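Visitor: To be precise about what I am sending: the file is called query-v1.csv and holds CSV, C-alpha atoms and all ligand atoms.
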chain,number,residue,atom,x,y,z
A,1399,MET,CA,17.2,-22.2,4.4
A,1400,LEU,CA,18.1,-20.8,1.0
A,1401,THR,CA,15.9,-17.7,1.4
A,1402,ASN,CA,16.7,-16.8,5.1
A,1403,HIS,CA,18.7,-13.7,4.2
A,1404,LEU,CA,15.9,-12.2,2.1
A,1405,PRO,CA,13.3,-9.6,3.4
A,1406,ARG,CA,10.0,-11.4,4.0
A,1407,VAL,CA,6.7,-10.6,5.7
A,1408,THR,CA,4.7,-13.3,7.3
A,1409,VAL,CA,1.2,-13.7,5.8
A,1410,ALA,CA,0.8,-17.3,4.5
A,1411,HIS,CA,-0.4,-20.1,6.7
A,1412,LEU,CA,2.7,-22.4,6.5
A,1413,PRO,CA,3.6,-25.2,6.3
A,1414,THR,CA,0.6,-26.2,4.1
A,1415,PRO,CA,-0.6,-29.7,4.7
A,1416,LEU,CA,0.8,-32.6,2.8
A,1417,GLU,CA,-2.0,-35.2,2.4
A,1418,PRO,CA,-2.4,-38.6,0.7
A,1419,LEU,CA,-5.3,-39.1,-1.7
A,1420,PRO,CA,-6.2,-42.7,-0.8
A,1421,ARG,CA,-9.7,-42.9,-2.3
A,1422,LEU,CA,-8.6,-41.6,-5.7
A,1423,THR,CA,-5.4,-43.7,-5.6
A,1424,ALA,CA,-7.6,-46.8,-5.1
A,1425,GLN,CA,-10.1,-45.7,-7.7
A,1426,ILE,CA,-7.4,-45.4,-10.4
A,1427,GLY,CA,-5.5,-48.5,-9.1
A,1428,GLY,CA,-2.3,-46.6,-8.3
A,1429,PRO,CA,0.3,-45.2,-8.4
A,1430,GLU,CA,0.1,-43.5,-5.0
A,1431,LEU,CA,-1.2,-39.9,-5.2
A,1432,TRP,CA,-0.6,-37.1,-2.7
A,1433,VAL,CA,-1.5,-33.4,-2.6
A,1434,LYS,CA,0.4,-30.3,-1.3
A,1435,ARG,CA,-2.3,-28.0,-0.1
A,1436,ASP,CA,-1.3,-24.5,-1.2
A,1437,ASP,CA,-4.9,-23.9,-1.8
A,1438,GLN,CA,-4.8,-23.5,2.0
A,1439,THR,CA,-2.2,-20.7,2.3
A,1440,GLY,CA,-4.8,-18.2,3.5
A,1441,LEU,CA,-4.9,-14.6,2.2
A,1442,ALA,CA,-8.4,-14.3,1.0
A,1443,THR,CA,-9.1,-17.9,0.2
A,1444,GLY,CA,-5.5,-19.2,-0.5
A,1445,GLY,CA,-3.4,-20.0,-3.4
A,1446,ASN,CA,0.2,-19.9,-4.6
A,1447,LYS,CA,0.5,-16.1,-4.7
A,1448,ALA,CA,0.6,-15.9,-0.9
A,1449,ARG,CA,4.1,-17.4,-0.8
A,1450,LYS,CA,5.3,-15.1,-3.6
A,1451,LEU,CA,3.7,-12.0,-1.9
A,1452,GLU,CA,5.6,-12.6,1.3
A,1453,PHE,CA,8.8,-11.6,-0.5
A,1454,LEU,CA,7.3,-9.1,-2.9
A,1455,VAL,CA,5.4,-7.1,-0.2
A,1456,ALA,CA,8.6,-7.1,2.0
A,1457,GLU,CA,10.5,-5.5,-0.9
A,1458,ALA,CA,7.6,-3.0,-1.4
A,1459,LEU,CA,7.7,-2.0,2.3
A,1460,GLN,CA,11.5,-1.8,2.2
A,1461,ARG,CA,11.2,0.7,-0.7
A,1462,GLU,CA,8.6,2.6,1.3
A,1463,ALA,CA,6.0,2.0,-1.4
A,1464,ASP,CA,2.4,3.3,-0.7
A,1465,ILE,CA,0.6,1.5,-3.5
A,1466,LEU,CA,0.8,-1.9,-5.1
A,1467,ILE,CA,0.0,-2.2,-8.8
A,1468,THR,CA,-0.5,-5.4,-10.6
A,1469,CYS,CA,-2.3,-6.8,-13.6
A,1470,GLY,CA,-4.0,-10.0,-14.7
A,1471,ALA,CA,-7.1,-11.5,-16.2
A,1472,GLN,CA,-10.6,-10.7,-15.1
A,1473,GLN,CA,-10.7,-13.7,-12.8
A,1474,SER,CA,-7.0,-13.4,-11.7
A,1475,ASN,CA,-6.2,-15.2,-8.5
A,1476,HIS,CA,-3.0,-13.2,-8.3
A,1477,ALA,CA,-4.8,-9.9,-8.4
A,1478,ARG,CA,-7.2,-11.0,-5.6
A,1479,GLN,CA,-4.3,-12.1,-3.3
A,1480,THR,CA,-2.3,-9.0,-4.1
A,1481,ALA,CA,-5.4,-6.9,-3.1
A,1482,ALA,CA,-5.6,-8.9,0.2
A,1483,ALA,CA,-1.9,-8.4,0.9
A,1484,GLY,CA,-2.2,-4.7,0.2
A,1485,ALA,CA,-5.1,-4.4,2.7
A,1486,ARG,CA,-3.2,-6.5,5.2
A,1487,PHE,CA,-0.1,-4.3,5.1
A,1488,GLY,CA,-1.9,-0.9,4.8
A,1489,LEU,CA,-1.0,-0.3,1.1
A,1490,ASP,CA,-3.4,0.8,-1.5
A,1491,THR,CA,-3.8,-1.7,-4.4
A,1492,MET,CA,-4.6,-1.0,-8.0
A,1493,LEU,CA,-5.4,-3.9,-10.3
A,1494,VAL,CA,-5.2,-3.4,-14.1
A,1495,LEU,CA,-7.4,-6.2,-15.6
A,1496,ARG,CA,-7.6,-7.4,-19.1
A,1497,GLY,CA,-10.7,-6.5,-21.2
A,1498,GLU,CA,-13.8,-4.6,-20.3
A,1499,GLU,CA,-15.8,-4.5,-17.0
A,1500,PRO,CA,-18.2,-7.4,-17.0
A,1501,ALA,CA,-21.9,-7.0,-16.3
A,1502,ARG,CA,-21.7,-9.2,-13.1
A,1503,MET,CA,-19.2,-9.0,-10.3
A,1504,GLU,CA,-18.4,-12.6,-9.4
A,1505,GLY,CA,-15.7,-14.8,-8.0
A,1506,ASN,CA,-12.3,-13.2,-7.7
A,1507,LEU,CA,-13.5,-9.9,-9.1
A,1508,LEU,CA,-16.1,-9.6,-6.3
A,1509,LEU,CA,-13.4,-10.3,-3.8
A,1510,ASP,CA,-11.1,-7.7,-5.4
A,1511,HIS,CA,-13.8,-5.1,-4.8
A,1512,LEU,CA,-14.5,-6.3,-1.2
A,1513,LEU,CA,-10.8,-6.0,-0.5
A,1514,GLY,CA,-10.9,-2.4,-1.5
A,1515,ALA,CA,-8.7,-2.6,-4.7
A,1516,GLN,CA,-9.1,0.1,-7.3
A,1517,ILE,CA,-9.8,-1.6,-10.6
A,1518,ILE,CA,-8.8,-0.3,-14.0
A,1519,TRP,CA,-10.0,-2.1,-17.2
A,1520,ALA,CA,-7.3,-2.2,-19.8
A,1521,GLY,CA,-9.7,-2.8,-22.8
A,1522,VAL,CA,-7.7,-4.0,-25.8
A,1523,ASP,CA,-4.3,-2.7,-24.4
A,1524,PRO,CA,-1.8,-5.1,-22.8
A,1525,PRO,CA,-2.5,-4.7,-19.0
A,1526,HIS,CA,1.2,-4.6,-18.1
A,1527,GLU,CA,1.7,-1.6,-20.4
A,1528,VAL,CA,-1.2,0.2,-18.9
A,1529,ALA,CA,0.1,-0.6,-15.4
A,1530,SER,CA,3.5,0.8,-16.1
A,1531,GLU,CA,2.0,4.0,-17.5
A,1532,ILE,CA,-0.1,4.4,-14.4
A,1533,ALA,CA,2.9,3.8,-12.2
A,1534,GLN,CA,4.8,6.6,-14.0
A,1535,GLN,CA,1.8,9.0,-13.6
A,1536,LEU,CA,1.5,8.2,-9.9
A,1537,GLU,CA,5.2,8.8,-9.4
A,1538,ALA,CA,4.9,12.2,-11.0
A,1539,GLU,CA,2.1,12.9,-8.5
A,1540,GLY,CA,4.4,12.1,-5.6
A,1541,ARG,CA,3.1,8.6,-4.9
A,1542,ARG,CA,5.4,5.6,-4.4
A,1543,PRO,CA,4.1,2.7,-6.5
A,1544,TYR,CA,5.5,-0.8,-6.4
A,1545,VAL,CA,4.7,-2.8,-9.5
A,1546,VAL,CA,4.2,-6.5,-9.0
A,1547,PRO,CA,4.7,-8.4,-12.3
A,1548,TYR,CA,2.1,-10.8,-13.8
A,1549,GLY,CA,1.6,-13.7,-11.5
A,1550,GLY,CA,4.2,-12.3,-9.1
A,1551,SER,CA,6.8,-14.1,-11.3
A,1552,ASN,CA,10.1,-12.4,-10.9
A,1553,PRO,CA,13.1,-13.6,-8.9
A,1554,VAL,CA,11.7,-11.9,-5.7
A,1555,GLY,CA,8.3,-13.7,-6.0
A,1556,ALA,CA,9.8,-17.0,-7.2
A,1557,SER,CA,11.8,-17.1,-4.0
A,1558,GLY,CA,8.6,-18.0,-2.3
A,1559,TYR,CA,8.6,-21.3,-4.1
A,1560,VAL,CA,12.3,-21.9,-3.3
A,1561,ALA,CA,11.3,-21.8,0.3
A,1562,ALA,CA,8.2,-23.9,-0.5
A,1563,MET,CA,10.3,-26.7,-1.9
A,1564,GLU,CA,12.5,-26.7,1.3
A,1565,GLU,CA,9.3,-26.9,3.3
A,1566,LEU,CA,8.2,-30.0,1.3
A,1567,THR,CA,11.6,-31.6,1.8
A,1568,ALA,CA,11.3,-31.2,5.5
A,1569,GLN,CA,7.8,-32.7,5.5
A,1570,CYS,CA,9.0,-35.6,3.3
A,1571,GLU,CA,11.9,-36.3,5.6
A,1572,LYS,CA,9.7,-36.3,8.7
A,1573,ARG,CA,7.2,-38.7,7.1
A,1574,GLY,CA,9.8,-40.9,5.4
A,1575,ILE,CA,8.3,-40.3,1.9
A,1576,THR,CA,10.1,-39.6,-1.4
A,1577,PHE,CA,8.2,-38.3,-4.4
A,1578,ASP,CA,9.1,-39.4,-8.0
A,1579,HIS,CA,7.1,-36.7,-9.6
A,1580,ILE,CA,5.7,-33.3,-8.6
A,1581,VAL,CA,3.0,-32.1,-11.0
A,1582,LEU,CA,1.7,-28.6,-11.0
A,1583,ALA,CA,0.0,-25.9,-13.1
A,1584,SER,CA,2.5,-23.6,-14.8
A,1585,SER,CA,1.8,-20.3,-16.4
A,1586,SER,CA,3.8,-17.2,-15.6
A,1587,GLY,CA,6.5,-19.6,-14.3
A,1588,GLY,CA,7.4,-18.4,-10.8
A,1589,THR,CA,6.1,-21.5,-9.1
A,1590,GLN,CA,7.9,-24.0,-11.2
A,1591,ALA,CA,11.0,-21.9,-11.5
A,1592,GLY,CA,11.3,-21.6,-7.7
A,1593,LEU,CA,10.6,-25.3,-7.1
A,1594,VAL,CA,13.3,-26.3,-9.7
A,1595,VAL,CA,15.9,-23.9,-8.2
A,1596,ALA,CA,15.4,-25.5,-4.8
A,1597,ALA,CA,15.2,-29.0,-6.3
A,1598,ARG,CA,18.6,-28.5,-7.8
A,1599,ALA,CA,20.1,-26.9,-4.7
A,1600,THR,CA,18.8,-29.7,-2.5
A,1601,ARG,CA,19.5,-32.5,-5.0
A,1602,PHE,CA,15.9,-33.6,-5.3
A,1603,GLN,CA,16.0,-36.8,-7.4
A,1604,GLY,CA,12.4,-36.6,-8.8
A,1605,ARG,CA,10.9,-34.7,-11.7
A,1606,VAL,CA,9.0,-31.4,-11.4
A,1607,LEU,CA,6.4,-31.5,-14.3
A,1608,GLY,CA,4.6,-28.3,-15.2
A,1609,ILE,CA,1.4,-28.7,-17.0
A,1610,SER,CA,1.3,-25.6,-19.2
A,1611,ILE,CA,-1.8,-23.5,-18.9
A,1612,ASP,CA,-1.3,-21.2,-21.8
A,1613,LEU,CA,2.1,-21.4,-23.5
A,1614,ARG,CA,3.8,-23.8,-25.9
A,1615,VAL,CA,6.6,-26.0,-24.4
A,1616,ASP,CA,9.4,-24.0,-26.0
A,1617,GLU,CA,8.1,-20.6,-24.9
A,1618,LEU,CA,7.4,-21.8,-21.3
A,1619,LYS,CA,10.8,-23.6,-21.0
A,1620,ALA,CA,12.6,-20.4,-22.2
A,1621,GLU,CA,10.8,-18.3,-19.6
A,1622,LEU,CA,11.4,-20.8,-16.9
A,1623,SER,CA,15.1,-21.1,-17.5
A,1624,GLN,CA,15.6,-17.3,-17.6
A,1625,LEU,CA,13.5,-16.8,-14.4
A,1626,ALA,CA,15.1,-19.7,-12.6
A,1627,THR,CA,18.7,-18.6,-13.4
A,1628,ALA,CA,17.8,-15.0,-12.3
A,1629,THR,CA,16.1,-16.4,-9.1
A,1630,ALA,CA,19.3,-18.4,-8.3
A,1631,ALA,CA,21.4,-15.3,-8.7
A,1632,HIS,CA,19.0,-13.3,-6.5
A,1633,LEU,CA,19.6,-15.9,-3.8
A,1634,GLY,CA,23.3,-15.9,-4.3
A,1635,LEU,CA,23.5,-19.4,-5.8
A,1636,GLU,CA,25.7,-20.2,-8.7
A,1637,LEU,CA,23.3,-22.1,-10.8
A,1638,ALA,CA,22.6,-21.7,-14.5
A,1639,LEU,CA,19.5,-23.5,-15.8
A,1640,SER,CA,18.7,-24.1,-19.4
A,1641,PRO,CA,15.4,-25.0,-21.1
A,1642,ALA,CA,16.5,-28.7,-21.0
A,1643,ASP,CA,16.4,-28.6,-17.2
A,1644,PHE,CA,12.6,-28.2,-17.2
A,1645,SER,CA,9.8,-30.7,-17.7
A,1646,VAL,CA,6.8,-29.2,-19.4
A,1647,ASP,CA,3.7,-30.7,-21.0
A,1648,ASP,CA,1.7,-28.5,-23.3
A,1649,GLY,CA,-0.7,-31.2,-24.4
A,1650,TYR,CA,-3.7,-29.7,-22.5
A,1651,LEU,CA,-3.9,-26.1,-23.8
A,1652,GLY,CA,-7.3,-26.9,-25.3
A,1653,GLY,CA,-9.1,-23.9,-26.6
A,1654,GLY,CA,-6.7,-21.5,-24.8
A,1655,TYR,CA,-6.4,-19.7,-21.5
A,1656,GLY,CA,-9.6,-20.0,-19.4
A,1657,VAL,CA,-11.5,-22.0,-22.0
A,1658,VAL,CA,-13.1,-24.7,-19.9
A,1659,SER,CA,-13.6,-28.1,-21.5
A,1660,ASP,CA,-14.5,-31.6,-20.4
A,1661,LEU,CA,-10.9,-32.1,-19.3
A,1662,GLU,CA,-11.2,-29.5,-16.5
A,1663,ARG,CA,-14.9,-30.3,-15.7
A,1664,SER,CA,-14.1,-34.0,-15.3
A,1665,ALA,CA,-11.0,-33.3,-13.2
A,1666,ILE,CA,-12.9,-31.0,-10.9
A,1667,GLU,CA,-15.6,-33.5,-10.4
A,1668,THR,CA,-13.3,-36.5,-10.0
A,1669,LEU,CA,-11.3,-34.8,-7.1
A,1670,ALA,CA,-14.3,-33.3,-5.5
A,1671,ARG,CA,-16.2,-36.6,-5.5
A,1672,SER,CA,-13.4,-38.9,-4.5
A,1673,GLU,CA,-11.6,-36.7,-1.9
A,1674,GLY,CA,-13.8,-33.7,-1.2
A,1675,LEU,CA,-11.2,-31.3,-2.6
A,1676,LEU,CA,-11.9,-28.4,-4.8
A,1677,LEU,CA,-9.9,-27.4,-7.9
A,1678,ASP,CA,-10.3,-24.3,-10.1
A,1679,PRO,CA,-11.5,-24.2,-13.7
A,1680,VAL,CA,-8.5,-22.4,-15.2
A,1681,TYR,CA,-5.3,-23.6,-13.6
A,1682,THR,CA,-5.5,-26.6,-11.2
A,1683,GLY,CA,-8.5,-28.1,-13.1
A,1684,ARG,CA,-6.4,-28.2,-16.3
A,1685,ALA,CA,-3.3,-29.4,-14.5
A,1686,PHE,CA,-5.1,-32.2,-12.6
A,1687,GLY,CA,-7.0,-33.1,-15.8
A,1688,GLY,CA,-3.6,-33.5,-17.5
A,1689,LEU,CA,-2.3,-35.6,-14.6
A,1690,LEU,CA,-5.3,-37.9,-14.8
A,1691,ASP,CA,-4.9,-38.2,-18.6
A,1692,LEU,CA,-1.2,-39.1,-18.2
A,1693,LEU,CA,-2.1,-41.6,-15.5
A,1694,ARG,CA,-4.6,-43.3,-17.9
A,1695,ASP,CA,-2.0,-43.2,-20.7
A,1696,GLY,CA,0.6,-45.1,-18.6
A,1697,GLY,CA,2.8,-42.0,-18.2
A,1698,PHE,CA,3.8,-43.1,-14.7
A,1699,GLN,CA,4.8,-46.4,-13.2
A,1700,LYS,CA,2.6,-48.2,-10.6
A,1701,HIS,CA,5.3,-48.2,-7.8
A,1702,GLU,CA,5.9,-44.4,-8.1
A,1703,LYS,CA,4.7,-41.7,-5.8
A,1704,ILE,CA,3.2,-38.6,-7.3
A,1705,LEU,CA,2.6,-35.2,-5.6
A,1706,PHE,CA,0.0,-32.8,-7.1
A,1707,TRP,CA,1.0,-29.3,-5.9
A,1708,HIS,CA,-2.4,-27.7,-5.5
A,1709,THR,CA,-1.8,-24.0,-6.3
A,1710,GLY,CA,-5.3,-22.7,-5.3
A,1711,GLY,CA,-7.7,-20.7,-7.3
A,1712,THR,CA,-10.9,-22.1,-5.9
A,1713,ALA,CA,-12.5,-18.6,-5.8
A,1714,ALA,CA,-12.6,-18.7,-9.6
A,1715,LEU,CA,-15.1,-21.6,-9.3
A,1716,PHE,CA,-17.6,-18.9,-8.4
A,1717,GLY,CA,-16.5,-16.6,-11.3
A,1718,LYS,CA,-17.9,-18.6,-14.2
A,1719,PRO,CA,-20.4,-21.1,-12.6
A,1720,GLU,CA,-22.2,-21.5,-15.9
A,1721,VAL,CA,-19.2,-23.4,-17.4
A,1722,LEU,CA,-19.4,-26.0,-14.7
A,1723,PRO,CA,-22.7,-27.8,-14.8
A,1724,PRO,CA,-22.4,-31.0,-12.8
A,1725,SER,CA,-22.8,-34.2,-14.8
B,1801,LIG,C1,-4.5,-21.2,-9.1
B,1801,LIG,C2,-3.2,-21.0,-9.9
B,1801,LIG,N1,-2.4,-22.0,-10.1
B,1801,LIG,C3,-1.3,-21.9,-10.8
B,1801,LIG,C4,-0.9,-20.7,-11.3
B,1801,LIG,C5,0.4,-20.6,-12.1
B,1801,LIG,O1,1.4,-20.2,-11.4
B,1801,LIG,P1,2.7,-19.5,-12.0
B,1801,LIG,O2,2.1,-18.2,-12.6
B,1801,LIG,O3,3.6,-19.2,-10.9
B,1801,LIG,O4,3.2,-20.4,-13.1
B,1801,LIG,C6,-1.7,-19.5,-11.1
B,1801,LIG,C7,-1.3,-18.2,-11.7
B,1801,LIG,O5,-2.0,-17.3,-11.7
B,1801,LIG,C8,-2.9,-19.7,-10.3
B,1801,LIG,O6,-3.7,-18.6,-10.1
How does the structure come out when it is put into structure tokens?

Guide:
Amino acid sequence: MLTNHLPRVTVAHLPTPLEPLPRLTAQIGGPELWVKRDDQTGLATGGNKARKLEFLVAEALQREADILITCGAQQSNHARQTAAAGARFGLDTMLVLRGEEPARMEGNLLLDHLLGAQIIWAGVDPPHEVASEIAQQLEAEGRRPYVVPYGGSNPVGASGYVAAMEELTAQCEKRGITFDHIVLASSSGGTQAGLVVAARATRFQGRVLGISIDLRVDELKAELSQLATATAAHLGLELALSPADFSVDDGYLGGGYGVVSDLERSAIETLARSEGLLLDPVYTGRAFGGLLDLLRDGGFQKHEKILFWHTGGTAALFGKPEVLPPS
């Protein structure tokens, strides 16, 4: 294993299931669709951050931190899973969230409170700047803060997705299946960067396609290549990745981050009604909507096998229920 030498706590429910989507595959008339169930990683309703936090929390504990600080959007899945990890390992958690406190506490935000996190509203200031100021103040008061970056996306966190790709490789070998494409939601980049580092190291022949949630292709590819190269170095691998090593589609940015449109609504309904699986309105709904659109547009060949890597976020379904009226 590429990550065996790194400090790691055990918190995620692994390996996550690898499941076929037979009814949806039949409904669209192929190609064969599968799903990797990282919505089932555990840690306060699951999601991709559980894998990253296994490595991040281990580093925090090694540094004898007593408080985790992270930042994100009002309905951040990453913030919710960081709060759960903090509670699980006896660390305080402070969440610096974008904007102002909303009138109603719903979805992830409700869970953040239940998990005992202290919440700071950043207002118009960039949350990561507020978080780093707070970390400095806390240090001056004798606390030992550990700052987790946006989305847990640094080389330590991305190592979780290096291990995840190795997990998938083992499952594929056992079941005798090879995927031509892995499709996932990509935003702060740690998930895709980790997968691509391991894909290179294990000579995976398929494509890892990130459906961008909020960045233009060039911006996301630049971030991915930097993060993946740093992640490889963190693991002791000699691997330099350039923007050209990443597949990204930014055709589904719509009205911007978190703006739910028919693309997400229809994707959520399609998967729910064909397979009984739940997506989220911000990340996986957009990414699966992009996948369905590419399928309709002939973006894949009928004989290929496609894996949708479900990165979680279903708690956010309860965060903005008014944007999801069933058709
Ligand atoms: C449900 C979900 N899917 C995908 C992502 C994107 O993952 P990454 O930030 O590693 O690109 C996030 C990030 O917050 C998420 O919450």

Visitor: For ligand LIG 1801 (chain B), list the contacting residues at 7 Å or closer, counting all atoms listed in the file, as a list in words.

Guide: Gly1445, Asn1446, Ser1474, Asn1475, His1476, Gly1549, Ser1551, Ala1583, Ser1584, Ser1585, Ser1586, Gly1587, Gly1588, Thr1589, Gln1590, Asp1678, Tyr1681, Thr1682, Thr1709, Gly1710 and Gly1711 of chain A

Visitor: Figure out the distance between CA of Gly1497 (chain A) and CA of Glu1457 (chain A), please, to one decimal in Å.

Guide: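 One can read the CA of Glu1457 (chain A) to CA of Gly1497 (chain A) distance as 29.4 Å.
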
Visitor: Compare A:Gln1534, A:Gln1603, A:Thr1567, A:Ser1664 by their minimum atom-to-atom distance to Phe1686 (chain A), counting only C-alpha atoms, and give me the closest one.

Guide: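 With only C-alpha atoms as the atom set, the closest residue is A:Ser1664.
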
Visitor: Excluding same-chain residues fewer than 2 positions from Pro1420 (chain A), what lies within 10 Å of it counting all atoms listed in the file, as a ChimeraX atom specification?

Guide: /A:1417-1418,1422-1425,1428,1430-1432,1672-1673

Visitor: Any idea what the distance is between CA of Leu1466 (chain A) and CA of Pro1525 (chain A)?

Guide: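 Atom-to-atom, CA of Leu1466 (chain A) and CA of Pro1525 (chain A) are spaced 14.6 Å apart.
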
Visitor: Could you list, as a list in words, every residue within 9 Å of Tyr1548 (chain A), counting only C-alpha atoms and ignoring same-chain residues fewer than 6 positions away?

Guide: Thr1468, Cys1469, Gly1470, His1476, Ala1477, His1526 and Ser1586 of chain A

Visitor: Emit the selected residues as a short mmCIF file (atom, residue, chain, number, x, y, z; two decimals), in the coordinates of the input, including C-alpha atoms.

Guide:
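Output file again.cif follows:
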data_model
loop_
_atom_site.label_atom_id
_atom_site.label_comp_id
_atom_site.auth_asym_id
_atom_site.auth_seq_id
_atom_site.Cartn_x
_atom_site.Cartn_y
_atom_site.Cartn_z
CA THR A 1468 -0.50 -5.40 -10.60
CA CYS A 1469 -2.30 -6.80 -13.60
CA GLY A 1470 -4.00 -10.00 -14.70
CA HIS A 1476 -3.00 -13.20 -8.30
CA ALA A 1477 -4.80 -9.90 -8.40
CA HIS A 1526 1.20 -4.60 -18.10
CA SER A 1586 3.80 -17.20 -15.60
#

Visitor: Between A:Leu1690, A:Leu1622, A:Leu1454, A:Ala1410, single out the one closest to Gln1438 (chain A), counting all atoms listed in the file.

Guide: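 Using all atoms listed in the file, Gln1438 (chain A) sits closest to A:Ala1410.
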
Visitor: Using all atoms listed in the file, pick whichever of A:Leu1507, A:Leu1419, A:Ala1463, A:Val1560 has the shortest atom-to-atom distance to Ala1597 (chain A).

Guide: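 When distances to Ala1597 (chain A) are compared using all atoms listed in the file, the smallest one comes from A:Val1560.
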
Visitor: Name the residues in contact with region 1623-1627 of chain A at a cut-off of 9 Å, using all atoms listed in the file, excluding same-chain residues fewer than 3 positions from it; report them as a ChimeraX atom specification.

Guide: /A:1551-1553,1556,1587-1588,1590-1592,1594-1595,1618-1620,1630-1632,1636-1644

Visitor: Between A:Leu1451, A:Val1433, A:Val1606, A:Ala1561, which has the minimum distance to Leu1676 (chain A) (counting all atoms listed in the file)?

Guide: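 Distance minimum relative to Leu1676 (chain A) lands on A:Val1433.
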
Visitor: Taking into account all atoms listed in the file, which residue in the set A:Ile1426, A:Asp1660, A:Glu1539, A:Arg1502 is nearest to Leu1693 (chain A)?

Guide: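 When distances to Leu1693 (chain A) are compared using all atoms listed in the file, the smallest one comes from A:Ile1426.
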
Visitor: Between CA of Gly1634 (chain A) and CA of Ala1596 (chain A), measure the distance and give it in Å to one decimal.

Guide: 12.4 Å

Visitor: Within 7 Å of Phe1453 (chain A), counting all atoms listed in the file, which residues qualify if same-chain residues fewer than 2 places away don't, as a list of chain:residue names?

Guide: A:Pro1405, A:Arg1406, A:Val1407, A:Lys1450, A:Leu1451, A:Val1455, A:Ala1456, A:Glu1457, A:Val1554, A:Gly1555, A:Gly1558

Visitor: Please return region 1399-1414 of chain A, rebuilt to N, CA and C atoms, as a short mmCIF file (atom, residue, chain, number, x, y, z; two decimals), keeping the file's coordinate frame.

Guide:
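Ended up saving to selection-v2.cif:
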data_model
loop_
_atom_site.label_atom_id
_atom_site.label_comp_id
_atom_site.auth_asym_id
_atom_site.auth_seq_id
_atom_site.Cartn_x
_atom_site.Cartn_y
_atom_site.Cartn_z
N MET A 1399 18.25 -22.58 5.37
CA MET A 1399 17.20 -22.20 4.40
C MET A 1399 17.86 -21.27 3.32
N LEU A 1400 17.51 -21.53 2.08
CA LEU A 1400 18.10 -20.80 1.00
C LEU A 1400 17.63 -19.33 0.91
N THR A 1401 16.48 -19.05 1.55
CA THR A 1401 15.90 -17.70 1.40
C THR A 1401 16.00 -16.91 2.75
N ASN A 1402 16.69 -17.46 3.74
CA ASN A 1402 16.70 -16.80 5.10
C ASN A 1402 17.18 -15.39 5.09
N HIS A 1403 18.06 -15.06 4.16
CA HIS A 1403 18.70 -13.70 4.20
C HIS A 1403 17.80 -12.68 3.44
N LEU A 1404 16.69 -13.12 2.85
CA LEU A 1404 15.90 -12.20 2.10
C LEU A 1404 14.81 -11.52 2.95
N PRO A 1405 14.46 -10.24 2.66
CA PRO A 1405 13.30 -9.60 3.40
C PRO A 1405 12.04 -10.38 3.12
N ARG A 1406 11.26 -10.61 4.17
CA ARG A 1406 10.00 -11.40 4.00
C ARG A 1406 9.03 -10.99 5.07
N VAL A 1407 7.79 -10.83 4.68
CA VAL A 1407 6.70 -10.60 5.70
C VAL A 1407 6.06 -11.98 5.91
N THR A 1408 5.34 -12.08 7.02
CA THR A 1408 4.70 -13.30 7.30
C THR A 1408 3.18 -13.13 7.05
N VAL A 1409 2.64 -13.87 6.11
CA VAL A 1409 1.20 -13.70 5.80
C VAL A 1409 0.56 -15.06 5.46
N ALA A 1410 1.35 -15.98 4.89
CA ALA A 1410 0.80 -17.30 4.50
C ALA A 1410 0.69 -18.21 5.67
N HIS A 1411 -0.26 -19.12 5.60
CA HIS A 1411 -0.40 -20.10 6.70
C HIS A 1411 0.50 -21.32 6.27
N LEU A 1412 1.66 -21.37 6.90
CA LEU A 1412 2.70 -22.40 6.50
C LEU A 1412 3.12 -23.19 7.72
N PRO A 1413 3.54 -24.42 7.54
CA PRO A 1413 3.60 -25.20 6.30
C PRO A 1413 2.17 -25.58 5.89
N THR A 1414 1.94 -25.65 4.59
CA THR A 1414 0.60 -26.20 4.10
C THR A 1414 0.62 -27.68 4.28
#
